[in-house]
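Only one structure is covered here, and it is reproduced in the block below.
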Amino acid sequence: MADPVFKRLALLGVGLIGSSVARIARQRGDIAAEIVVNARTQATLDRVMELGFADRVELDPGKAVEGADCVMLCAPVGAFAALAARIAPHLAPGAVLTDVGSTKQSVIRDVGPLVPAGVHFVPAHPIAGTEHSGPDSGFVELFQGRWTLLTPVPGTDEAAIAKVEALWQRCGAQTERMEPSHHDRVLAIVSHLPHLIAFTICGTADDLADESRQEVVNFAASGFRDFTRIAASDPVMWRDIFLNNREALLEMLQRFMEDAQAMARAVRWGDTAYIEDKVERGRKIRRSLIERKQA
């Protein structure tokens, strides 16, 4: 077996992503020799020890990161600034600080200025997930064949970037580097906008009169069921993502609304060619995802 990438991995937050990384690291043995987990409540930490995927748990994030050569922020992105401020005095010289947040410009803005000299900050984003959260939600196959995007700022230590790439590759992911603002625009359309639409559609359905709402639940077709799966995602996490990628998300939402209005006109006036073209383009994107094993 290859040597572990890190001696001690500290995971701050233990939801779907954090608990999956811990499970994989525990199973493989070549990601980290020791796994330390921090969470906001003792009850969560007690559950982590019951599940058996950490060597040690700490309620104090400062204690959790002491002596760690890799610290991974796995909390909602809105909590990153306060979390980074708490751990900064305790980070070991030469340590790698990384994250799993879905917005990268805000993470660099909130965390970057707090990183001590000699600590290497490598922002990253594994593009994988389910609607479930909490320490019980993780599983070792989560990142298999998926992408993890790394968005290091210019001048970041190359060896530190390579270690974060190795961590995710050993988790089963493909890795690519991307400029932070470009990342946020791409994720706005492929992830953040679909979630916003799903939450909105489910809210619209919930606002219907009682009888109609019951029929929605009883007779939901697969399309609506897919929206409800997305809409079951963690509300705090998605609140923070929306607010921290506000500009890119609003830009993509405006473009979507314009396209939706064009589709509405096509339906109103019976423009069959326009409708068929939109449907066929959707089918083409779906086929492309399947071919790339991303569906």
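Every chain in the structure tokens has a letter given in the order shown (A, B, ...), and although residue numbers restart at 1 in each chain, ligands are simply numbered from 1 in the order shown.
When the distance limit is 12 Å and only C-alpha atoms are what count, the residues near Met252 in chain A, minus those fewer than 6 positions from it on the same chain, are Asp184, Arg185, Val186, Leu187, Ala188, Ile189, Val190, Ser191, His192, Leu193, Pro194, Leu196, Ile197, Phe242, Asn245, Arg246, Glu258 and Asp259 of chain A.
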Restrict the selected residues to N, CA, C and O atoms and save them as a short mmCIF file (atom, residue, chain, number, x, y, z; two decimals), in the first residue's frame.
```
data_model
loop_
_atom_site.label_atom_id
_atom_site.label_comp_id
_atom_site.auth_asym_id
_atom_site.auth_seq_id
_atom_site.Cartn_x
_atom_site.Cartn_y
_atom_site.Cartn_z
N ASP A 184 -17.32 29.60 -10.36
CA ASP A 184 -18.59 30.05 -9.80
C ASP A 184 -19.65 30.25 -10.88
O ASP A 184 -20.84 29.99 -10.66
N ARG A 185 -19.24 30.70 -12.07
CA ARG A 185 -20.20 30.84 -13.18
C ARG A 185 -20.66 29.48 -13.67
O ARG A 185 -21.85 29.27 -13.93
N VAL A 186 -19.74 28.55 -13.79
CA VAL A 186 -20.11 27.20 -14.25
C VAL A 186 -21.05 26.54 -13.26
O VAL A 186 -22.09 25.98 -13.64
N LEU A 187 -20.72 26.62 -11.97
CA LEU A 187 -21.56 25.96 -10.96
C LEU A 187 -22.90 26.66 -10.81
O LEU A 187 -23.90 26.02 -10.44
N ALA A 188 -22.96 27.95 -11.13
CA ALA A 188 -24.24 28.65 -11.06
C ALA A 188 -25.26 28.02 -12.00
O ALA A 188 -26.44 27.91 -11.64
N ILE A 189 -24.83 27.60 -13.19
CA ILE A 189 -25.78 27.04 -14.14
C ILE A 189 -25.99 25.54 -13.96
O ILE A 189 -27.10 25.04 -14.10
N VAL A 190 -24.94 24.80 -13.59
CA VAL A 190 -25.09 23.34 -13.54
C VAL A 190 -25.56 22.84 -12.18
O VAL A 190 -26.02 21.70 -12.06
N SER A 191 -25.49 23.68 -11.14
CA SER A 191 -25.85 23.22 -9.80
C SER A 191 -26.74 24.20 -9.06
O SER A 191 -27.83 23.85 -8.60
N HIS A 192 -26.30 25.44 -8.93
CA HIS A 192 -27.00 26.38 -8.07
C HIS A 192 -28.37 26.77 -8.63
O HIS A 192 -29.36 26.79 -7.90
N LEU A 193 -28.45 27.07 -9.94
CA LEU A 193 -29.74 27.41 -10.53
C LEU A 193 -30.72 26.24 -10.50
O LEU A 193 -31.88 26.43 -10.15
N PRO A 194 -30.30 25.01 -10.84
CA PRO A 194 -31.24 23.89 -10.72
C PRO A 194 -31.79 23.72 -9.32
O PRO A 194 -32.97 23.40 -9.14
N LEU A 196 -32.14 26.18 -7.07
CA LEU A 196 -33.06 27.29 -6.85
C LEU A 196 -34.41 27.01 -7.51
O LEU A 196 -35.47 27.25 -6.91
N ILE A 197 -34.38 26.48 -8.73
CA ILE A 197 -35.64 26.17 -9.44
C ILE A 197 -36.39 25.07 -8.71
O ILE A 197 -37.62 25.14 -8.55
N PHE A 242 -26.39 30.13 -2.21
CA PHE A 242 -27.09 31.16 -2.98
C PHE A 242 -26.54 32.55 -2.67
O PHE A 242 -26.28 33.35 -3.57
N ASN A 245 -22.81 33.08 -3.90
CA ASN A 245 -22.59 33.11 -5.35
C ASN A 245 -23.68 33.96 -5.99
O ASN A 245 -24.16 33.68 -7.08
N ARG A 246 -24.05 35.02 -5.30
CA ARG A 246 -25.20 35.84 -5.67
C ARG A 246 -25.13 36.36 -7.11
O ARG A 246 -26.08 36.21 -7.89
N GLU A 258 -35.44 34.59 -19.23
CA GLU A 258 -35.64 35.03 -20.62
C GLU A 258 -35.95 33.83 -21.52
O GLU A 258 -36.84 33.90 -22.38
N ASP A 259 -35.22 32.73 -21.32
CA ASP A 259 -35.48 31.52 -22.10
C ASP A 259 -36.85 30.93 -21.77
O ASP A 259 -37.54 30.40 -22.65
#
```
Could you produce a table of the residues of range 90-182 of chain A lying within 8 Å of range 223-239 of chain A, with the nearest pair of atoms per residue and their separation in Å rounded to one decimal, using only C-alpha atoms, ordered by chain and increasing residue number, as a tab-separated table?
```
residue	atom	partner	partner_atom	distance
A:Thr130	CA	A:Ser233	CA	7.6
A:Glu131	CA	A:Ser233	CA	4.3
A:His132	CA	A:Ser233	CA	6.4
A:Ser133	CA	A:Asp234	CA	6.7
```
Output for the residues just chosen: all heavy atoms as a PDB file, in the first residue's frame:
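Everything below was put into selection_29.pdb:
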```
ATOM      1  N   THR A 130     -25.744  14.006  -2.626  1.00  0.00           N
ATOM      2  CA  THR A 130     -27.108  13.505  -2.592  1.00  0.00           C
ATOM      3  C   THR A 130     -27.912  14.528  -1.796  1.00  0.00           C
ATOM      4  O   THR A 130     -27.373  15.544  -1.348  1.00  0.00           O
ATOM      5  CB  THR A 130     -27.206  12.135  -1.899  1.00  0.00           C
ATOM      6  OG1 THR A 130     -27.000  12.304  -0.489  1.00  0.00           O
ATOM      7  CG2 THR A 130     -26.191  11.142  -2.455  1.00  0.00           C
ATOM      8  N   GLU A 131     -29.185  14.250  -1.600  1.00  0.00           N
ATOM      9  CA  GLU A 131     -30.003  15.173  -0.810  1.00  0.00           C
ATOM     10  C   GLU A 131     -29.846  14.949   0.690  1.00  0.00           C
ATOM     11  O   GLU A 131     -30.432  15.681   1.495  1.00  0.00           O
ATOM     12  CB  GLU A 131     -31.487  15.025  -1.193  1.00  0.00           C
ATOM     13  CG  GLU A 131     -32.154  13.725  -0.779  1.00  0.00           C
ATOM     14  CD  GLU A 131     -31.979  12.602  -1.787  1.00  0.00           C
ATOM     15  OE1 GLU A 131     -30.986  12.615  -2.557  1.00  0.00           O
ATOM     16  OE2 GLU A 131     -32.830  11.691  -1.808  1.00  0.00           O
ATOM     17  N   HIS A 132     -29.056  13.956   1.089  1.00  0.00           N
ATOM     18  CA  HIS A 132     -28.947  13.600   2.500  1.00  0.00           C
ATOM     19  C   HIS A 132     -27.806  14.357   3.174  1.00  0.00           C
ATOM     20  O   HIS A 132     -26.858  14.805   2.526  1.00  0.00           O
ATOM     21  CB  HIS A 132     -28.738  12.092   2.643  1.00  0.00           C
ATOM     22  CG  HIS A 132     -29.818  11.286   1.991  1.00  0.00           C
ATOM     23  ND1 HIS A 132     -31.123  11.318   2.428  1.00  0.00           N
ATOM     24  CD2 HIS A 132     -29.786  10.440   0.923  1.00  0.00           C
ATOM     25  CE1 HIS A 132     -31.850  10.521   1.664  1.00  0.00           C
ATOM     26  NE2 HIS A 132     -31.069   9.988   0.743  1.00  0.00           N
ATOM     27  N   SER A 133     -27.890  14.497   4.488  1.00  0.00           N
ATOM     28  CA  SER A 133     -26.866  15.205   5.239  1.00  0.00           C
ATOM     29  C   SER A 133     -26.645  14.513   6.578  1.00  0.00           C
ATOM     30  O   SER A 133     -27.401  13.619   6.965  1.00  0.00           O
ATOM     31  CB  SER A 133     -27.272  16.669   5.454  1.00  0.00           C
ATOM     32  OG  SER A 133     -28.512  16.749   6.144  1.00  0.00           O
TER      33      SER A 133
END
```
Within 8 Å of range 1-13 of chain A, which residues of range 157-262 of chain A come that close, and what is the closest atom pair and distance in Å for each? Count only C-alpha atoms and give it as a Markdown table.
```
| residue | atom | partner | partner_atom | distance |
| --- | --- | --- | --- | --- |
| A:Lys163 | CA | A:Val5 | CA | 6.4 |
| A:Ala166 | CA | A:Val5 | CA | 7.1 |
| A:Leu167 | CA | A:Val5 | CA | 6.6 |
```
Could you name the residues that touch range 79-87 of chain A at 7 Å or less, counting only C-alpha atoms, but leaving out those on the same chain fewer than 6 positions away, as a list in words?
-> Pro61, Gly62, Val65, Asp110, Val111 and Leu114 of chain A
Can you list, as a PyMOL selection string, all residues belonging to range 100-172 of chain A that DSSP tags as strand (DSSP E)?
-> chain A and resi 120-122+124-127+147-150
Restricting it to all heavy atoms, dump the selection as an mmCIF file, in the first residue's frame.
```
data_model
loop_
_atom_site.group_PDB
_atom_site.id
_atom_site.type_symbol
_atom_site.label_atom_id
_atom_site.label_comp_id
_atom_site.auth_asym_id
_atom_site.auth_seq_id
_atom_site.Cartn_x
_atom_site.Cartn_y
_atom_site.Cartn_z
ATOM 1 N N HIS A 120 -0.562 26.468 3.647
ATOM 2 C CA HIS A 120 -0.893 26.475 2.227
ATOM 3 C C HIS A 120 -2.397 26.292 2.041
ATOM 4 O O HIS A 120 -2.967 25.268 2.451
ATOM 5 C CB HIS A 120 -0.133 25.362 1.505
ATOM 6 C CG HIS A 120 1.335 25.363 1.792
ATOM 7 N ND1 HIS A 120 2.172 26.392 1.392
ATOM 8 C CD2 HIS A 120 2.123 24.472 2.465
ATOM 9 C CE1 HIS A 120 3.402 26.129 1.793
ATOM 10 N NE2 HIS A 120 3.401 24.972 2.444
ATOM 11 N N PHE A 121 -3.040 27.269 1.416
ATOM 12 C CA PHE A 121 -4.486 27.256 1.222
ATOM 13 C C PHE A 121 -4.809 26.806 -0.199
ATOM 14 O O PHE A 121 -4.411 27.460 -1.169
ATOM 15 C CB PHE A 121 -5.046 28.649 1.499
ATOM 16 C CG PHE A 121 -6.546 28.750 1.354
ATOM 17 C CD1 PHE A 121 -7.382 27.722 1.763
ATOM 18 C CD2 PHE A 121 -7.115 29.901 0.825
ATOM 19 C CE1 PHE A 121 -8.760 27.827 1.638
ATOM 20 C CE2 PHE A 121 -8.493 30.030 0.704
ATOM 21 C CZ PHE A 121 -9.313 28.979 1.106
ATOM 22 N N VAL A 122 -5.516 25.669 -0.306
ATOM 23 C CA VAL A 122 -5.855 25.096 -1.614
ATOM 24 C C VAL A 122 -7.372 24.869 -1.672
ATOM 25 O O VAL A 122 -7.865 23.795 -1.293
ATOM 26 C CB VAL A 122 -5.103 23.770 -1.865
ATOM 27 C CG1 VAL A 122 -5.391 23.265 -3.285
ATOM 28 C CG2 VAL A 122 -3.607 23.942 -1.659
ATOM 29 N N ALA A 124 -10.977 23.800 -2.907
ATOM 30 C CA ALA A 124 -11.391 22.701 -3.787
ATOM 31 C C ALA A 124 -12.896 22.490 -3.668
ATOM 32 O O ALA A 124 -13.521 22.919 -2.692
ATOM 33 C CB ALA A 124 -10.639 21.420 -3.430
ATOM 34 N N HIS A 125 -13.453 21.818 -4.663
ATOM 35 C CA HIS A 125 -14.893 21.557 -4.668
ATOM 36 C C HIS A 125 -15.185 20.215 -5.321
ATOM 37 O O HIS A 125 -15.116 20.087 -6.544
ATOM 38 C CB HIS A 125 -15.643 22.661 -5.419
ATOM 39 C CG HIS A 125 -17.110 22.397 -5.548
ATOM 40 N ND1 HIS A 125 -17.854 22.825 -6.620
ATOM 41 C CD2 HIS A 125 -17.974 21.723 -4.727
ATOM 42 C CE1 HIS A 125 -19.111 22.444 -6.466
ATOM 43 N NE2 HIS A 125 -19.204 21.763 -5.324
ATOM 44 N N PRO A 126 -15.495 19.183 -4.525
ATOM 45 C CA PRO A 126 -15.927 17.903 -5.098
ATOM 46 C C PRO A 126 -17.361 18.026 -5.610
ATOM 47 O O PRO A 126 -18.265 18.374 -4.856
ATOM 48 C CB PRO A 126 -15.838 16.934 -3.917
ATOM 49 C CG PRO A 126 -16.024 17.802 -2.708
ATOM 50 C CD PRO A 126 -15.437 19.144 -3.053
ATOM 51 N N ILE A 127 -17.567 17.750 -6.898
ATOM 52 C CA ILE A 127 -18.903 17.885 -7.486
ATOM 53 C C ILE A 127 -19.598 16.529 -7.371
ATOM 54 O O ILE A 127 -19.626 15.720 -8.305
ATOM 55 C CB ILE A 127 -18.830 18.365 -8.941
ATOM 56 C CG1 ILE A 127 -18.010 19.656 -9.011
ATOM 57 C CG2 ILE A 127 -20.233 18.619 -9.498
ATOM 58 C CD1 ILE A 127 -17.813 20.179 -10.412
ATOM 59 N N TRP A 147 -15.993 14.649 -10.522
ATOM 60 C CA TRP A 147 -14.937 15.650 -10.633
ATOM 61 C C TRP A 147 -14.751 16.396 -9.320
ATOM 62 O O TRP A 147 -15.721 16.692 -8.632
ATOM 63 C CB TRP A 147 -15.282 16.669 -11.716
ATOM 64 C CG TRP A 147 -15.115 16.134 -13.099
ATOM 65 C CD1 TRP A 147 -16.084 15.611 -13.895
ATOM 66 C CD2 TRP A 147 -13.893 16.060 -13.854
ATOM 67 N NE1 TRP A 147 -15.548 15.215 -15.100
ATOM 68 C CE2 TRP A 147 -14.202 15.471 -15.102
ATOM 69 C CE3 TRP A 147 -12.572 16.439 -13.590
ATOM 70 C CZ2 TRP A 147 -13.247 15.259 -16.088
ATOM 71 C CZ3 TRP A 147 -11.615 16.211 -14.570
ATOM 72 C CH2 TRP A 147 -11.953 15.635 -15.798
ATOM 73 N N THR A 148 -13.509 16.696 -9.012
ATOM 74 C CA THR A 148 -13.180 17.670 -7.969
ATOM 75 C C THR A 148 -12.397 18.788 -8.630
ATOM 76 O O THR A 148 -11.367 18.536 -9.271
ATOM 77 C CB THR A 148 -12.366 17.044 -6.833
ATOM 78 O OG1 THR A 148 -13.165 16.094 -6.134
ATOM 79 C CG2 THR A 148 -11.914 18.112 -5.846
ATOM 80 N N LEU A 149 -12.903 20.011 -8.486
ATOM 81 C CA LEU A 149 -12.253 21.173 -9.082
ATOM 82 C C LEU A 149 -11.420 21.889 -8.026
ATOM 83 O O LEU A 149 -11.908 22.164 -6.933
ATOM 84 C CB LEU A 149 -13.304 22.128 -9.651
ATOM 85 C CG LEU A 149 -14.239 21.520 -10.698
ATOM 86 C CD1 LEU A 149 -15.275 22.536 -11.148
ATOM 87 C CD2 LEU A 149 -13.445 20.999 -11.899
ATOM 88 N N LEU A 150 -10.165 22.171 -8.344
ATOM 89 C CA LEU A 150 -9.274 22.905 -7.461
ATOM 90 C C LEU A 150 -9.105 24.317 -8.001
ATOM 91 O O LEU A 150 -8.917 24.506 -9.216
ATOM 92 C CB LEU A 150 -7.913 22.223 -7.350
ATOM 93 C CG LEU A 150 -7.822 20.982 -6.452
ATOM 94 C CD1 LEU A 150 -8.524 19.786 -7.071
ATOM 95 C CD2 LEU A 150 -6.369 20.623 -6.169
#
```
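Distance check against Ala22 in chain A using only C-alpha atoms: of A:Ile275, A:Leu97, A:Cys171, A:Ile108, the minimum falls on A:Cys171.
Atom pair CA of Arg292 in chain A / CA of Val100 in chain A has a distance of 22.8 Å (rounded to one decimal).
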Just the residues within 10 Å of Leu16 in chain A, please, counting only C-alpha atoms, with nothing from its chain fewer than 3 positions along; format it as a list in words.
-> Gly13, Ser19, Ser20, Val21, Cys74, Ala128, Gly129, Thr130, Glu131, His132, Ser133, Gly134, Pro135, Asp136, Ser137, Gly138, Phe139 and Leu142 of chain A
